[in-house]
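K.L.:
The structure is given below, and queries will be raised subsequently.
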There are 4 protein chains.
Amino acid sequence: MAPPTPRLVVPIDLTKKPWEQKVPLHNRFHPEIPPVADVKEGEMFRVEMVDWIGGAIGDNDSAHDLKAINLSEGHYLSGPIRVFDKEGVPAKAGDLLAVEICNLGPLPGSEWGYTGSLDREHGGSFLTDHFPAATKAIWYFEGIYAHSPQIPGVRFAGITHPGIIGTAPSMELLNIWNERETELQENGHKLLTLSDHLHQRPFACLPTPDGCYLGKIEQGTPEWEKISKEAARTIPGRENGGNCDIKNLSTGSKIYLPVFVEGANLSTGDMHFSQGDGEVSFCGAIEMNGFLELKCEIIRGGMKEYLTPMGPTPLHVNPIFEIGPIEPRFSEWLVFEGVSVDENGKQHYLDASIAFKRAVLNAIDYISKFGYSREQVYLLLSACPCEGRISGIVDSPNACATLAIPTAIFDQDIRPKARKVPVGPRVVRTPDVMKLTYDGNLPTTKNPSASA
Amino acid sequence: MAPPTPRLVVPIDLTKKPWEQKVPLHNRFHPEIPPVADVKEGEMFRVEMVDWIGGAIGDNDSAHDLKAINLSEGHYLSGPIRVFDKEGVPAKAGDLLAVEICNLGPLPGSEWGYTGSLDREHGGSFLTDHFPAATKAIWYFEGIYAHSPQIPGVRFAGITHPGIIGTAPSMELLNIWNERETELQENGHKLLTLSDHLHQRPFACLPTPDGCYLGKIEQGTPEWEKISKEAARTIPGRENGGNCDIKNLSTGSKIYLPVFVEGANLSTGDMHFSQGDGEVSFCGAIEMNGFLELKCEIIRGGMKEYLTPMGPTPLHVNPIFEIGPIEPRFSEWLVFEGVSVDENGKQHYLDASIAFKRAVLNAIDYISKFGYSREQVYLLLSACPCEGRISGIVDSPNACATLAIPTAIFDQDIRPKARKVPVGPRVVRTPDVMKLTYDGNLPTTKNPSASA
Amino acid sequence: MAPPTPRLVVPIDLTKKPWEQKVPLHNRFHPEIPPVADVKEGEMFRVEMVDWIGGAIGDNDSAHDLKAINLSEGHYLSGPIRVFDKEGVPAKAGDLLAVEICNLGPLPGSEWGYTGSLDREHGGSFLTDHFPAATKAIWYFEGIYAHSPQIPGVRFAGITHPGIIGTAPSMELLNIWNERETELQENGHKLLTLSDHLHQRPFACLPTPDGCYLGKIEQGTPEWEKISKEAARTIPGRENGGNCDIKNLSTGSKIYLPVFVEGANLSTGDMHFSQGDGEVSFCGAIEMNGFLELKCEIIRGGMKEYLTPMGPTPLHVNPIFEIGPIEPRFSEWLVFEGVSVDENGKQHYLDASIAFKRAVLNAIDYISKFGYSREQVYLLLSACPCEGRISGIVDSPNACATLAIPTAIFDQDIRPKARKVPVGPRVVRTPDVMKLTYDGNLPTTKNPSASA
Amino acid sequence: MAPPTPRLVVPIDLTKKPWEQKVPLHNRFHPEIPPVADVKEGEMFRVEMVDWIGGAIGDNDSAHDLKAINLSEGHYLSGPIRVFDKEGVPAKAGDLLAVEICNLGPLPGSEWGYTGSLDREHGGSFLTDHFPAATKAIWYFEGIYAHSPQIPGVRFAGITHPGIIGTAPSMELLNIWNERETELQENGHKLLTLSDHLHQRPFACLPTPDGCYLGKIEQGTPEWEKISKEAARTIPGRENGGNCDIKNLSTGSKIYLPVFVEGANLSTGDMHFSQGDGEVSFCGAIEMNGFLELKCEIIRGGMKEYLTPMGPTPLHVNPIFEIGPIEPRFSEWLVFEGVSVDENGKQHYLDASIAFKRAVLNAIDYISKFGYSREQVYLLLSACPCEGRISGIVDSPNACATLAIPTAIFDQDIRPKARKVPVGPRVVRTPDVMKLTYDGNLPTTKNPSASA
């Protein structure tokens, strides 16, 4: 009759570096990264996590640390965790693993996070052609609420969630990933329809031993040498889940992950106190250390039963998510729209990425009329619970995308008004401490990855 | 002290053809289409509307009427309505027109609608490469609820809204539209990054006298001859609002439209009883006859005050929307995900359109496991209040898009289950009457517009 | 394949008096009031209704008409409607009648309503000892929103619902009602625990021929003479449903009514555009003319299956309600509390009525600090969508009741503030036109009903 | 720039008895109970709490421990906490203390709670005449969800809140309490209008040295002897807040408490994982150990500014509450109604307590048709997030109260159905372990407190 206190399977000691943790972390997906813990179906367990880049970003006034990070170290993940059913039989390829998020939050004593954008030369972000410099904002948590000294006048309840949760790929699936991403990396520069800014960013992040951590497999061993060259980077979401960044995956949610290897080998990380749809500024959620309390169920044969492969092999599937019932109630939303005409006035064909880019830019321009710098708004929209929607995707040639912002997060009324009451501290609200540290030259159209 | 009964400014007689209405309709955007009514700031007025294609689609068992429509007749709009302030001064270029939706609904006696997809050769839809045939489902309304004999086992409350609401463009803005869309129409076939299916659809719908109605300007007059060749088609949403298809624009919403011509010349139409984000099957909402009760406010100089042009001219702006407080409460959502890898396994670069396509296809495949044909689900997802989100748009190379479906619209539990209770009438639920009428040959990769 | 346009079974002509309507109205419950219409299970039908007192209250600046009404005329109901199953067999005693509200609203051309309190000598209201005078506020509807010239600075979306919906009682049930209410009327003055104000109101409203309308039974006939003396008044809700005033019974709701007579004989009326929990000022909702579009289902034997009688006979049951999914989203609520200590400081024992009275009084006092008279707030809280809860009912001796008010209905921030920014137009907001017309003498403690 | 980790001002060691805690607890309200901690305006601090009765109830299969508790020991409170402004000046009588709940939850390692009702002879509960025996159910927490082995088939997200939060009374206010409650205790038996069951419970809980704890004041000292005889019991909510049991006071809520003594002397306790409106079974929430993370603000002079005394002295006020934005979304509710006719068929006059009792009894009877015992449902409705409303309080003679239950908490569809599909495991769902241990004789009408 003992109560179901969650068993701690991955502890984090914040006084240590990510590679010094007692239960070692990893930052790649590969079938041969050994599990660090076993759990049983129905059992509640607790996983603690460092933030995506393992403590490299400080609670300070400068964005210089963001410029100094080694991107190939992200994301530090906790796991893999091997899942068994109640009879002790492991999950098997072809099963579905249902993972329920029972509880989550920041790590006690670490109630803060940050939102940042990277330098254009350093990987950039969604709007890197408009915001080429690294920027950073710190957020402090007061229970469910976050506020930032760099973005005053704003406070909101977070919808906390893991940015990354996924199973290990099989070798076959891993090969598919590496092939298709290499193809893009090599031929992406031939793409014509995307707006220029996107070309300024790397097309793909291919396997690299640089900064690679593989959990129990020690760096420098032959095993590490082999795996580090083929293990998938964690940047994009893929068939195994991974970095989906679905902002509503909070307490009470359930994630149905396909199983590709025996035991499922569940990994998770990249905790977000809050995120806007799109996570536009790249490390754009409120990134933090955190914990998950989870419960797993194995649906035997569930891949075949519930998922339909789409593509050349049976492995081309995607997870399914069930959103939990708890969210902040917002009653008023201001909605910004974009269509697939780019900033140069050029018409694109049903391109939702460009339409969404326009919607975000429109929102930034609008809100910056209320006393904020455009950089402040860029980070805010990346971090606050705003909703990015595809409203229309059929009406040639314009896709129509929207970004909806809950008005209650502001301490002033940001709606358009006929009677021009001076709307808030339009000029005085200068950022306290945010440093814009773009030290590079003026933006060029050079594509760093294409030339690499 | 008389109560604010709305004044009927555009009446519709459903026994008449769209071109026979007492207050004539139009189906193009052009600055010289004459207003049919004047309204004052603060006054409530009522606008009635035929469905987008003017009654050409019948409440019957066949999709043949969908194959017979003249696409260039859509969308029949009510208006233009000229707006004056309380002193009698008209709205002027540079103002913002705030339009509040006080009430809306189907026309009394016409409590039904339809959802359809077009034949591939006839314009197609978002998934035309997967669903090349015209299909149709009829929906009957029981107050706030809709149900369909073609898609049994589903019932939901609609979030009713106008698909189209917009102001008249200035001549300068119209020219911009025509130039950029002509450029795309002529050079779109050179695009490389879009998946094949999109190339099977027209790139743009350029001005054409065919099926053109210009309100008070009679067909065949010299004025009509001139305008019909330059007036913009109503298919895509643009700077003036237009066909935005924002599904939450229901009662209590407010739309802030830029004003480009004196009087603003507000037009509206394309009423939807309900629509899913994306409106994926093209005439994909629940299309119906309907009415709006509106109230306008003029925000003088509001374009400069609140909108930031993005592009070569001050006209490159987008409207702003404020979503009303009334919506059905759904507590559980099942979420399908897609990344920017296409159905052939090819990797694309942060392409939200492809990611969203995958999410929709995943949802169709999944739900079709519960006793539905894939055509039924395609129409359902186009019509029901599902949410299409851009979850992540920065994690190269995969954009991650999601489609969230409220589970309560089904009369069975559609969630994945470990204990395989036979999930619903998996086989017996055959469509009653939906006719799939694709008479063409097998899909080809020919791009009809490119070859035109 | 005809669409399900609702069949109009009770039309209302607003140019006529309630007793002149083509389909005659009634204002009593009695098994022998003849049905005016038959409907079939599954059929959608439309019922139109006058406001509760049949047009006696005008859209004007004075509460004098409220003083002139004949209370025994309320409530004018539409029906009774006899319900048959699809085979033509009527509902029978012992069945449950499930009534779905598909649609509802004000009558077209009559988009206004009023909230009032009665003079103490005329029946009073919940707070008649604090507000002895008749008061009145007019509300105008702009679609889903209501606003009042008498209560400026407030606007809210209504949760529209019928105040009364019920079946006809059997003769046996009617006798039970008359006996127990007569007993109270005769002995109620012996009650000690209620605070004085309640004693100033009638204990019960017993049958009376005065102002009695019985539908098809003409006044003055022997049948009318007999029935009018025994038919139940419509003021209180009872076993048959009736005047329940459940404010969330809006579109999409379902009401499960016990059936006591053949055909069920459904009656409805007392439409409210909006109401606060408690309806504290008596004609305290936003009273209006209106319509319902309904659909019935008969659950054979449902009373025994689903309802458990509680009391001496099997007839002591209550209906069940299913609340629809559509409501305005409010995110912030200010909550006022009361405990069962009365205004004289006297302790009562777990008395929720007194606790709720205190909560309402606390709310009135608080909000009146923001520029309103106490009479304005009293009417407002009776009409707006505020929630009255029983928070605790076990902690002797204090019941704890709360009244929660959505803050978004005000055009100013009504929350307590540390920095005393002058909170709103505290003085200038004088009522435009509300007339307080209490012409009587000072309040006395005389109980008008006890002395009758 | 240190992040706002909350400072722990009252730690709890669950291995120790409540009277052994390092920072001593108290279970009375009195101005002279010394503060145990000081906090500053704006500072986040953490308060830990034992459950209301200090660990006397075990996680086991029997209700015997509920019979053994000493009621006069409840509720163990943490505090008093003295509040200072940023300049170090304490809160003063006449101020308002705004307390924001930033975070809360069970104590780590103690993720369980219980719901119980007391024996009739032991204090009883709201329905003690129907449920005279002590009963108990254990709940286990899985993150936001609770489930009970004693009430299978039910699972819900809790709206966690403190049952008690309040300031210290002044001596003047304390005297008022003691006088009015003594008066009731002595003369309550003369009350006639309340139904019999209520008379079977104590009218009031007057001061008693029995089981009295006064924090830093040691038992047996002269100070303790004096204070223990005059200090108020914590059972009822009063002017200082206290045991309000407002179930929505969860994260993000703000409580505006009147200040009666220097420093405000804030106390809190009685944590509830979840509670239904009314908390009908007395220790009827899900009682647990827990913590609060709080932040205070002093509104100088706020009592006069915002509260209006109602009664003979300026002290007759009530706190104000602001409900936070986070709650589970429920879309369907089944609503049970009661009117003020008691179980014997006797008519009462606008008595909301009786109406609510009937609503609760109706709900219990209904849900017990779905495989539950009535005792199971009684505890369930006391613990789950159901809403108790006062729907109508003016329609003589019937108050109308409702209890709304979210249908999603059940694993079966509990709505009435026409086609009698066997609704769930109607018989088989027997309680696993709940022990009903009513060992007394049959209920009598003897009022134990009146005879005391």
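Each chain in the structure tokens gets a letter, A, B and so on, in the order shown; residues start at 1 in every chain, and ligands are counted from 1 in the order they appear.
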When the cut-off is 6 Å and we count only C-alpha atoms, which residues of chain C are near chain B, given as a list of chain:residue names?

P.N.:
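The complete set of qualifying residues is C:Thr5, C:Cys102, C:Asn103, C:Gly109, C:Glu142, C:Gly143, C:Pro325, C:Ile326, C:Glu327, C:Pro328, C:Arg329.
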
K.L.:
Using only N, CA and C atoms, please write the residues we just selected to a file, as a PDB file, in the first residue's frame.

P.N.:
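The result, stored in again18.pdb:
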ATOM      1  N   THR C   5     -34.707  22.233 -41.078  1.00  0.00           N
ATOM      2  CA  THR C   5     -35.232  23.511 -40.608  1.00  0.00           C
ATOM      3  C   THR C   5     -36.195  23.253 -39.474  1.00  0.00           C
ATOM      4  N   CYS C 102     -30.927  23.130 -29.134  1.00  0.00           N
ATOM      5  CA  CYS C 102     -30.069  23.230 -30.323  1.00  0.00           C
ATOM      6  C   CYS C 102     -29.700  24.676 -30.611  1.00  0.00           C
ATOM      7  N   ASN C 103     -30.601  25.573 -30.331  1.00  0.00           N
ATOM      8  CA  ASN C 103     -30.359  26.970 -30.664  1.00  0.00           C
ATOM      9  C   ASN C 103     -31.278  27.818 -29.806  1.00  0.00           C
ATOM     10  N   GLY C 109     -35.726  41.454 -34.120  1.00  0.00           N
ATOM     11  CA  GLY C 109     -36.396  42.749 -33.973  1.00  0.00           C
ATOM     12  C   GLY C 109     -36.642  43.122 -32.529  1.00  0.00           C
ATOM     13  N   GLU C 142     -25.817  43.517 -28.664  1.00  0.00           N
ATOM     14  CA  GLU C 142     -25.064  43.615 -29.918  1.00  0.00           C
ATOM     15  C   GLU C 142     -24.535  42.211 -30.176  1.00  0.00           C
ATOM     16  N   GLY C 143     -25.373  41.409 -30.811  1.00  0.00           N
ATOM     17  CA  GLY C 143     -25.009  40.013 -30.996  1.00  0.00           C
ATOM     18  C   GLY C 143     -24.898  39.331 -29.648  1.00  0.00           C
ATOM     19  N   PRO C 325     -21.255  22.707 -24.362  1.00  0.00           N
ATOM     20  CA  PRO C 325     -19.813  22.976 -24.385  1.00  0.00           C
ATOM     21  C   PRO C 325     -19.438  24.422 -24.699  1.00  0.00           C
ATOM     22  N   ILE C 326     -20.424  25.289 -24.902  1.00  0.00           N
ATOM     23  CA  ILE C 326     -20.079  26.636 -25.363  1.00  0.00           C
ATOM     24  C   ILE C 326     -20.347  27.674 -24.298  1.00  0.00           C
ATOM     25  N   GLU C 327     -19.315  28.402 -23.974  1.00  0.00           N
ATOM     26  CA  GLU C 327     -19.404  29.466 -22.974  1.00  0.00           C
ATOM     27  C   GLU C 327     -18.334  30.485 -23.259  1.00  0.00           C
ATOM     28  N   PRO C 328     -18.543  31.724 -22.801  1.00  0.00           N
ATOM     29  CA  PRO C 328     -17.421  32.660 -22.895  1.00  0.00           C
ATOM     30  C   PRO C 328     -16.270  32.175 -22.015  1.00  0.00           C
ATOM     31  N   ARG C 329     -15.056  32.311 -22.541  1.00  0.00           N
ATOM     32  CA  ARG C 329     -13.859  32.025 -21.747  1.00  0.00           C
ATOM     33  C   ARG C 329     -13.520  33.253 -20.905  1.00  0.00           C
TER      34      ARG C 329
END

K.L.:
Please identify the alpha helix (DSSP H) residues within segment 23-257 of chain A (assignment by DSSP from backbone atoms) and present them as a ChimeraX atom specification.

P.N.:
/A:64-68,171-187,196-199,222-230

K.L.:
Between atom CA of Gly237 of chain B and atom CA of Gly338 of chain A, measure the distance and give it in Å to one decimal.

P.N.:
9.2 Å

K.L.:
Which residues are close to Leu71 of chain C, i.e. within 10 Å by only C-alpha atoms, leaving aside same-chain residues fewer than 3 positions away? Reply as a list in words.

P.N.:
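Once the nearby chain positions are removed, what remains is Ile53, Leu66, Lys67, Ala68, Gly74, His75, Leu118, His122, Gly123, Cys205, Asp210, Gly211 and Ile235 of chain C.
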
K.L.:
Need the shell around segment 26-31 of chain B: protein/DNA/RNA residues with any atom at most 9 Å away, counting only C-alpha atoms. Skip same-chain ones fewer than 5 positions apart. Format as a ChimeraX atom specification?

P.N.:
/B:19,72-80,167-171,174,207,211-216,227-228,230-234,242,260-261,265,267

K.L.:
Any idea what's packed within 7 Å of Gly153 of chain C, counting only C-alpha atoms, ignoring anything in its chain fewer than 2 positions away? Could you give it as a ChimeraX atom specification?

P.N.:
/C:151,155,410-411

K.L.:
What parts of segment 198-413 of chain A does DSSP call strand (DSSP E)? I'd like the answer as a VMD selection string.

P.N.:
chain A and resid 237 to 238 241 to 242 254 to 258 266 to 272 283 to 287 290 to 299 320 to 323 326 to 328 333 to 339 387 to 392 400 to 406

K.L.:
Would you work out the distance separating atom CA of Cys296 of chain A from atom CA of Ala363 of chain B, expressed in Å to one decimal?

P.N.:
23.1 Å

K.L.:
From the options C:Leu127, C:Asp95, C:Tyr349, C:Lys22, which residue's atoms come nearest to Gly301 of chain C, counting only C-alpha atoms?

P.N.:
C:Asp95

K.L.:
Find the distance between atom CA of Glu305 of chain B and atom CA of Ile33 of chain B and write it in Å to one decimal.

P.N.:
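Between atom CA of Glu305 of chain B and atom CA of Ile33 of chain B the gap is 28.0 Å.
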
K.L.:
Can you list, as a list in words, every protein, DNA or RNA residue that comes within 7 Å of Val377 of chain A when you count only C-alpha atoms, leaving out same-chain residues fewer than 4 positions away?

P.N.:
Ile364, Ile367, Ser368, Tyr372, Ser373 and Leu381 of chain A

K.L.:
Using only C-alpha atoms, can you tell me which of A:Gly94, A:Glu183, A:Phe291, A:Glu32 comes closest to Pro309 of chain A?

P.N.:
A:Gly94

K.L.:
Using only C-alpha atoms, which protein or nucleic acid residues come within 12 Å of Val259 of chain D? Drop anything in the same chain fewer than 4 positions from it, and give the result as JSON, numbers by chain.

P.N.:
{"D": [31, 82, 83, 90, 91, 92, 93, 94, 95, 96, 97, 98, 99, 166, 167, 168, 169, 170, 173, 239, 240, 241, 263, 264, 265, 266, 297, 298, 299, 300, 301, 302, 303, 304, 307, 315, 317, 318, 319]}
